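As structure tokens, the structure follows; a few thoughts come after it.
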Amino acid sequence: MIQLKVNGIQRNFDGDPQMPILWYLRDELRLTGTKFGCGVALCGACTAHKNGEAIRSCVTSMGTLAGAEITTIEGLSENGLHPVQKAWIQVNVPQCGYCQPGQMMQAAALLKSKKNPSDADIDDAMSGNICRCGTYQRIRAAIRAAAEAQT
Amino acid sequence: MSAIENVSRRGFLTGLVAVGGLVLAARFYPEIAGHERAPGSNQADLAKLHPNVFLGINPDGTVYIVAHRSEMGTTSRTSLPLVVADELDADWKLVKIDQAIGDAKYGSQNTDGSQSIRGFYDVMRVAGATGRLMLIQAAARQWGVDPAECTTEMHVVVHAATNRRLGYGELATAASKLPVPAKEVLKFKPKSEWRYVGKGSPSYDLEALCTGKAVFGMDAQLDGMLYASIEHPPVLGGKVKSVDSQEALKVAGVRQIVPIDPYQPPPAFQPLGGVAVIADNTWAAFQGRKKLKIDWDNGANESYDSEAYKKELQETARKPAKVVRDEGDVDAAFAKGGKIIEADYYVPLLAHASMEPMVALAEFKDGRATLWAPTQNPQAVQDIVSKELGIAKENVICHVTLLGGGFGRKSKPDYVAEAAVLSKKLNKPVKVVWTREDDIKFDYYNAVAAMHLKAAVSDKGIPSAWLQRSVFPPITSIFDVNAVYGDPGHLQQGWTDIPYDLPNLRVENGPAKAHVRIGWLRSVANIYHAFAVQCFTDELAHASGRDPVDYQFGLIGKPRIVDLKNTNYPNYGAPYDLYPIDTARLIRVMQMAADKGGWGKRKLGKRAGLGFAAHRSFLTYVATVVEVEVDDQGEIKIPRVDTVVDAGLVVNPEATRAQFQGAAVFGTSVVKTGEITATKGAIDQSNFQDYPVARMSEAPYQTNVYLVESDAPPAGVGEPGVPPFVAALCNAIFAATGKRIRELPLSKNQLV
Ligand code: FES
Ligand code: FES
């Protein structure tokens, strides 16, 4: 039995410890904000936080998560919207939107470690997150807006 | 899906739905506000005032507008309802959008070809104006005045003379008893009074998209549903010889192994066939699949090898072929001599790789199939599912979820049919989930194409003769296995429509047989055709020592309507008198792009360059200036792109700009890494490691999009940005390095 917290709620898991948490979130907890895009840590659509750090949930097996605190897009902000989400709305980032929960989780983790990221920091942190619709320019603008709002 | 969203938003079912769960099931319908609800009927249908299929108004003032086109990121789900709301003079904040199920009553729902706005702009205006007139008539009757004395302000009918006002909600019941007025008596708002058209609005779903609440196909759920992952025949047309499922069945969570019949040629939108693993969750289904041992009969396409095929295409492109446009006498002009310049271009198969892989949920029950799918074409879902299951089309209810990207892939519902077939076999709701590998390997690819161009040029460089010939396996091959020539609908895309004013011009098309499924992909044949024509134009300009933009002005000649009377030219399905090829508009976007992009004016560093291209597609005129920098390793960076667009009337400018920014990123992927190949009939690529798409660090840093103010009728915006970008980037690379890119992707070229 694996005990972990998901968005602040205590959970017990006794299924296959090999199963990546992506599927536990989506299929069992029905938290479908975390997306499936590639399954092999190449696209970032499945990005969630483990103890505040960005992880690719598609390759993070349940067996490695005993005692972990997991946060998904649904839990990114306890009340209202996280500054990143506000910035995303203000800049009108999404096209199809499918990649955006992962983008926002990645951006939120970046802004936690770097209050005022440079272009190179943003490239570094965000280049694991694919947006096939091509919203990168707006993602960059939204990260800047969120950074400003935070200071 | 619409029902679900509305339901949760309005809290009708509070307490019934688990937190984070989605209410999708038809079983909830009868409970909604006590209505007797037929499956799929939406709030607009049920509203008190319901002047037509797209609109409903309730006594509480809520306006329901039906979005009958699919939302995949282009905002058609927002922008068409905006047109209705504008003509209705409604308050956008009181508008709720109902996503339509597949139903012929809405007209075409096939969300492709960049035609949502142009195809339905007028229909939406009529819908709104009809509602507004009925509300005015109801108010006038109540006040005992002439309707002509009444006007509307936002969501209110006003009789100014007596200073009386009635809200739309208050009038809905009375208006619902009036006859629907004829189209001829409708009065449309003058442009000066438009509230939303031309100003736009962010996506109706923006907040849902930013909070993880938006429901994509991948997110559809039903209680008790099973998950399926399907091993498809690796080669198109292959069949299962034998399958050993013993090990697969041992995987925890795997319930059953179910064969799916191979398709009967032609493939069209039928399931490919194969073996489905049915499990309790997606992961178990994926794991089970890895343990299947299948012996395949690969069939005739096993002989297909993309490297050999490429040589065949290139050889065909150098031989005389079918003439599809002919002006003057090219052969005679070539015989007269002049400097002959020839070049061959090649673009490989391309995969869509929408961010959301193919997925669909189906429930077959009591002779009826209900589906939830991210589909661009719910009526095509009805067609294929009714055929596969042997039930009437009316018994196929297709709910359209949001699409995690589409780019043309999701107008082909083979994956939805798979879910339907499995649900019927298992008598349970089944969700089919494709992996990224499935998506890359079992796509309907953009055609591989070889182009041969030849010109005889004079001193000033203006060609006395121009020949262009393209060869590609046609999309029609998915409907007719013997089809080898391009059809007019795809030959028009950047090929027969060449707008140059040349005395001797011949356009040809050679035959090519398809060995994979070929399909529409954002911009389709325009990608390879514009690449060839716009890069060849750049080559001729340089060979003649001319500025490429100036040179192209010379080729286009005087402003005119291009005469295509002798050419089979369908003009994207639009009437030619309304949407002609008007070179004045082309010239204008070219001038503006040169100006905005600082053409000929900017100082650039070493191994940096500007490239230019202009192209009309989907009835929209686009010109682009791309700046590129090439480093010591031959890696490219794209600091800046300036794109000018004349798409006629633009409903949603901000969303339109986003489409052209996105097109530049999509085009970057095409140029840098877009390549699908096959060995022994099976696709070589599988995921983003071998089919990479542009990431943030590779994408254009800054794409500026300028929209031409235009009163021309609305044209397409989703696709026209890609083709000129691809060519302009390649021309920029030439400017920076002196290396001509005649074959894509870039990895085939040595830049330094
Ligand atoms: S789904 Fe996890 S990185 Fe792509
Ligand atoms: S918004 Fe569509 S993939 Fe990013």
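Here's how to read the names in the structure tokens: chain A, B, ... by the order shown, residue numbers from 1 in each chain, ligand numbers from 1 in the order shown.
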Requested in this report: Could the residues that lie within 9 Å of ligand 2, counting only C-alpha atoms and all ligand atoms, be listed as a PyMOL selection string?
Outcome: (chain A and resi 45+93-100+103+129-136) or (chain B and resi 72-73+354-356+403-405)
Requested in this report: Please return, as a ChimeraX atom specification, all residues of chain B lying within 8 Å of chain A when only C-alpha atoms are considered.
Outcome: /B:20-21,71-75,202,206-207,209-214,216,218-219,252,281-283,353-357,402-405,435-437,658,661-666,687-689,693-697,699-703
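The two atoms in question, CA of Glu78 in chain A and CA of Gly217 in chain B, are spaced 26.6 Å apart.
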Range 503-508 of chain B environment, 6 Å, only C-alpha atoms, sequence neighbours closer than 6 positions dropped, as a tab-separated table (two decimals) with C-alpha atoms, in the first residue's frame:
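The result, stored in out_31.tsv:
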```tsv
chain	number	residue	atom	x	y	z
B	321	ALA	CA	2.84	14.24	-67.45
B	322	LYS	CA	-0.80	15.18	-67.43
B	323	VAL	CA	-1.33	18.86	-68.29
B	324	VAL	CA	-3.59	20.61	-65.80
B	325	ARG	CA	-3.12	24.21	-66.90
B	326	ASP	CA	-1.75	25.48	-70.18
B	327	GLU	CA	-1.19	29.02	-71.38
B	328	GLY	CA	0.59	29.94	-74.61
B	329	ASP	CA	3.08	27.45	-76.00
B	330	VAL	CA	5.73	26.43	-73.51
B	465	ALA	CA	8.47	30.00	-70.52
B	466	TRP	CA	7.62	28.34	-67.21
B	467	LEU	CA	6.92	24.66	-66.63
B	468	GLN	CA	6.05	23.12	-63.29
B	469	ARG	CA	5.24	19.50	-62.62
```
Query raised in the report: Which polymer residues have any atom within 6 Å of an atom of range 165-177 of chain B, counting only C-alpha atoms, with same-chain residues fewer than 5 positions away left out, as a PyMOL selection string?
Result: chain B and resi 48-49+58-61+134-135+138+155-158
**Report entry** Lys115 in chain A surroundings by only C-alpha atoms, 10 Å radius, close-in-sequence under 5 positions cut, as a PyMOL selection string
**Finding:** chain A and resi 110+144+146-148+150-151
Requested in this report: Could you please write out, as a PyMOL selection string, every residue of range 606-661 of chain B that DSSP assigns to alpha helix (DSSP H)?
Outcome: chain B and resi 653-661
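If you look at CA of Asp91 in chain B and CA of His68 in chain B, they are 20.5 Å away from each other.
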**Report entry** Those of range 2-105 of chain A in DSSP strand (DSSP E), formatted as a list in words
**Finding:**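 Selecting the strand (DSSP E) positions of range 2-105 of chain A gives Ile2, Gln3, Leu4, Lys5, Val6, Ile9, Gln10, Arg11, Asn12, Phe13, Thr47, Ala48, His49, Lys50, Glu53, Ala54, Ile55, Arg56, Glu69, Ile70 and Thr71 of chain A.
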Requested in this report: Between A:Met105, A:Val59, A:Ala68, A:Leu111, single out the one closest to ligand 1, counting only C-alpha atoms and all ligand atoms.
Outcome: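 Looking at the shortest contact to ligand 1, the residue is A:Val59.
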**Report entry** Selected residue, from A:Gly8, A:Gly63, A:Gly44, A:Pro83, that lies nearest to ligand 1 when counting only C-alpha atoms and all ligand atoms
**Finding:** A:Gly44
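CA of Tyr121 in chain B lies 26.1 Å from CA of Pro147 in chain B.
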Need to verify the contact set: Val6 in chain A, 7 Å, only C-alpha atoms, exclusion of same-chain residues closer than 2 positions in sequence. Can you return it as a PDB file with all heavy atoms, in the first residue's frame?
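New file selection.pdb:
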```pdb
ATOM      1  N   LEU A   4       0.054   8.567  -0.266  1.00  0.00           N
ATOM      2  CA  LEU A   4       0.548   9.843  -0.815  1.00  0.00           C
ATOM      3  C   LEU A   4      -0.568  10.873  -0.708  1.00  0.00           C
ATOM      4  O   LEU A   4      -1.719  10.532  -0.397  1.00  0.00           O
ATOM      5  CB  LEU A   4       1.012   9.678  -2.259  1.00  0.00           C
ATOM      6  CG  LEU A   4      -0.029   9.525  -3.373  1.00  0.00           C
ATOM      7  CD1 LEU A   4       0.660   9.651  -4.721  1.00  0.00           C
ATOM      8  CD2 LEU A   4      -0.764   8.202  -3.302  1.00  0.00           C
ATOM      9  N   GLY A   8      -3.483  17.824  -1.655  1.00  0.00           N
ATOM     10  CA  GLY A   8      -3.788  17.988  -0.238  1.00  0.00           C
ATOM     11  C   GLY A   8      -4.626  16.879   0.372  1.00  0.00           C
ATOM     12  O   GLY A   8      -4.810  16.833   1.587  1.00  0.00           O
ATOM     13  N   ILE A   9      -5.119  15.985  -0.458  1.00  0.00           N
ATOM     14  CA  ILE A   9      -5.963  14.897   0.081  1.00  0.00           C
ATOM     15  C   ILE A   9      -5.146  13.621   0.210  1.00  0.00           C
ATOM     16  O   ILE A   9      -4.447  13.216  -0.725  1.00  0.00           O
ATOM     17  CB  ILE A   9      -7.189  14.652  -0.832  1.00  0.00           C
ATOM     18  CG1 ILE A   9      -8.028  15.925  -0.914  1.00  0.00           C
ATOM     19  CG2 ILE A   9      -8.025  13.480  -0.335  1.00  0.00           C
ATOM     20  CD1 ILE A   9      -9.129  15.869  -1.960  1.00  0.00           C
ATOM     21  N   GLN A  10      -5.254  12.987   1.363  1.00  0.00           N
ATOM     22  CA  GLN A  10      -4.529  11.741   1.614  1.00  0.00           C
ATOM     23  C   GLN A  10      -5.136  10.620   0.759  1.00  0.00           C
ATOM     24  O   GLN A  10      -6.352  10.451   0.714  1.00  0.00           O
ATOM     25  CB  GLN A  10      -4.662  11.394   3.105  1.00  0.00           C
ATOM     26  CG  GLN A  10      -3.768  10.264   3.565  1.00  0.00           C
ATOM     27  CD  GLN A  10      -2.289  10.641   3.496  1.00  0.00           C
ATOM     28  OE1 GLN A  10      -1.896  11.708   3.946  1.00  0.00           O
ATOM     29  NE2 GLN A  10      -1.472   9.766   2.924  1.00  0.00           N
ATOM     30  N   ARG A  11      -4.263   9.867   0.087  1.00  0.00           N
ATOM     31  CA  ARG A  11      -4.749   8.769  -0.756  1.00  0.00           C
ATOM     32  C   ARG A  11      -3.950   7.498  -0.472  1.00  0.00           C
ATOM     33  O   ARG A  11      -2.760   7.569  -0.180  1.00  0.00           O
ATOM     34  CB  ARG A  11      -4.563   9.099  -2.248  1.00  0.00           C
ATOM     35  CG  ARG A  11      -5.243  10.352  -2.708  1.00  0.00           C
ATOM     36  CD  ARG A  11      -6.706  10.081  -3.001  1.00  0.00           C
ATOM     37  NE  ARG A  11      -7.380  11.277  -3.452  1.00  0.00           N
ATOM     38  CZ  ARG A  11      -8.678  11.334  -3.730  1.00  0.00           C
ATOM     39  NH1 ARG A  11      -9.438  10.257  -3.585  1.00  0.00           N
ATOM     40  NH2 ARG A  11      -9.241  12.436  -4.139  1.00  0.00           N
ATOM     41  N   GLU A  69       3.954  14.515  -1.893  1.00  0.00           N
ATOM     42  CA  GLU A  69       2.824  15.431  -2.075  1.00  0.00           C
ATOM     43  C   GLU A  69       2.752  15.817  -3.542  1.00  0.00           C
ATOM     44  O   GLU A  69       3.652  16.437  -4.082  1.00  0.00           O
ATOM     45  CB  GLU A  69       3.002  16.685  -1.214  1.00  0.00           C
ATOM     46  CG  GLU A  69       2.999  16.357   0.252  1.00  0.00           C
ATOM     47  CD  GLU A  69       2.573  17.539   1.123  1.00  0.00           C
ATOM     48  OE1 GLU A  69       2.025  18.517   0.574  1.00  0.00           O
ATOM     49  OE2 GLU A  69       2.816  17.468   2.329  1.00  0.00           O
ATOM     50  N   ILE A  70       1.677  15.410  -4.142  1.00  0.00           N
ATOM     51  CA  ILE A  70       1.498  15.645  -5.574  1.00  0.00           C
ATOM     52  C   ILE A  70       0.506  16.784  -5.768  1.00  0.00           C
ATOM     53  O   ILE A  70      -0.521  16.845  -5.090  1.00  0.00           O
ATOM     54  CB  ILE A  70       0.945  14.363  -6.255  1.00  0.00           C
ATOM     55  CG1 ILE A  70       1.939  13.204  -6.121  1.00  0.00           C
ATOM     56  CG2 ILE A  70       0.593  14.628  -7.723  1.00  0.00           C
ATOM     57  CD1 ILE A  70       3.256  13.417  -6.835  1.00  0.00           C
ATOM     58  N   THR A  71       0.849  17.656  -6.683  1.00  0.00           N
ATOM     59  CA  THR A  71      -0.085  18.722  -7.036  1.00  0.00           C
ATOM     60  C   THR A  71      -0.349  18.651  -8.537  1.00  0.00           C
ATOM     61  O   THR A  71       0.585  18.506  -9.329  1.00  0.00           O
ATOM     62  CB  THR A  71       0.502  20.104  -6.695  1.00  0.00           C
ATOM     63  OG1 THR A  71       0.933  20.082  -5.338  1.00  0.00           O
ATOM     64  CG2 THR A  71      -0.529  21.200  -6.888  1.00  0.00           C
TER      65      THR A  71
END
```
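Of the listed residues (A:Ser113, A:Asn12, A:Ser118, A:Ser57), A:Ser57 comes nearest to ligand 1; the distances count only C-alpha atoms and all ligand atoms.
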**Report entry** 12 Å contact set for Asp595 in chain B, only C-alpha atoms, chain neighbours under 6 positions out, as a list in words
**Finding:**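 Contacts, in chain order: Val549, Arg588, Val589, Lys601, Arg602, Phe612, Ala623, Thr624, Val625, Asp642, Thr643, Val644 and Tyr706 of chain B.
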How would the residues just picked look written out with N, CA and C atoms as a CSV table (one decimal), in the first residue's frame?
```
chain,number,residue,atom,x,y,z
B,549,VAL,N,11.8,40.3,-54.0
B,549,VAL,CA,10.5,40.9,-53.8
B,549,VAL,C,10.1,41.6,-55.1
B,588,ARG,N,-0.6,43.9,-52.5
B,588,ARG,CA,-0.7,44.8,-51.3
B,588,ARG,C,0.0,44.0,-50.1
B,589,VAL,N,-0.3,42.8,-49.9
B,589,VAL,CA,0.3,42.1,-48.7
B,589,VAL,C,1.8,42.0,-48.9
B,601,LYS,N,16.3,46.8,-45.7
B,601,LYS,CA,16.7,47.9,-44.8
B,601,LYS,C,17.5,47.5,-43.6
B,602,ARG,N,17.3,46.2,-43.2
B,602,ARG,CA,17.9,45.9,-41.9
B,602,ARG,C,19.3,45.4,-42.0
B,612,PHE,N,11.8,35.8,-48.1
B,612,PHE,CA,10.4,36.3,-48.5
B,612,PHE,C,9.6,35.3,-49.2
B,623,ALA,N,1.8,37.3,-47.0
B,623,ALA,CA,3.2,37.5,-47.4
B,623,ALA,C,4.0,37.5,-46.1
B,624,THR,N,5.1,36.9,-46.1
B,624,THR,CA,5.9,36.7,-44.9
B,624,THR,C,7.4,37.0,-45.2
B,625,VAL,N,8.0,37.7,-44.2
B,625,VAL,CA,9.4,37.9,-44.2
B,625,VAL,C,9.9,37.2,-42.9
B,642,ASP,N,7.7,38.5,-39.8
B,642,ASP,CA,6.6,39.5,-40.1
B,642,ASP,C,5.7,39.0,-41.1
B,643,THR,N,4.4,38.8,-40.8
B,643,THR,CA,3.5,38.2,-41.7
B,643,THR,C,2.3,39.2,-41.9
B,644,VAL,N,2.0,39.4,-43.1
B,644,VAL,CA,0.8,40.3,-43.4
B,644,VAL,C,-0.3,39.4,-44.1
B,706,TYR,N,0.2,41.2,-39.1
B,706,TYR,CA,-0.6,42.4,-39.4
B,706,TYR,C,-1.8,42.0,-40.3
```
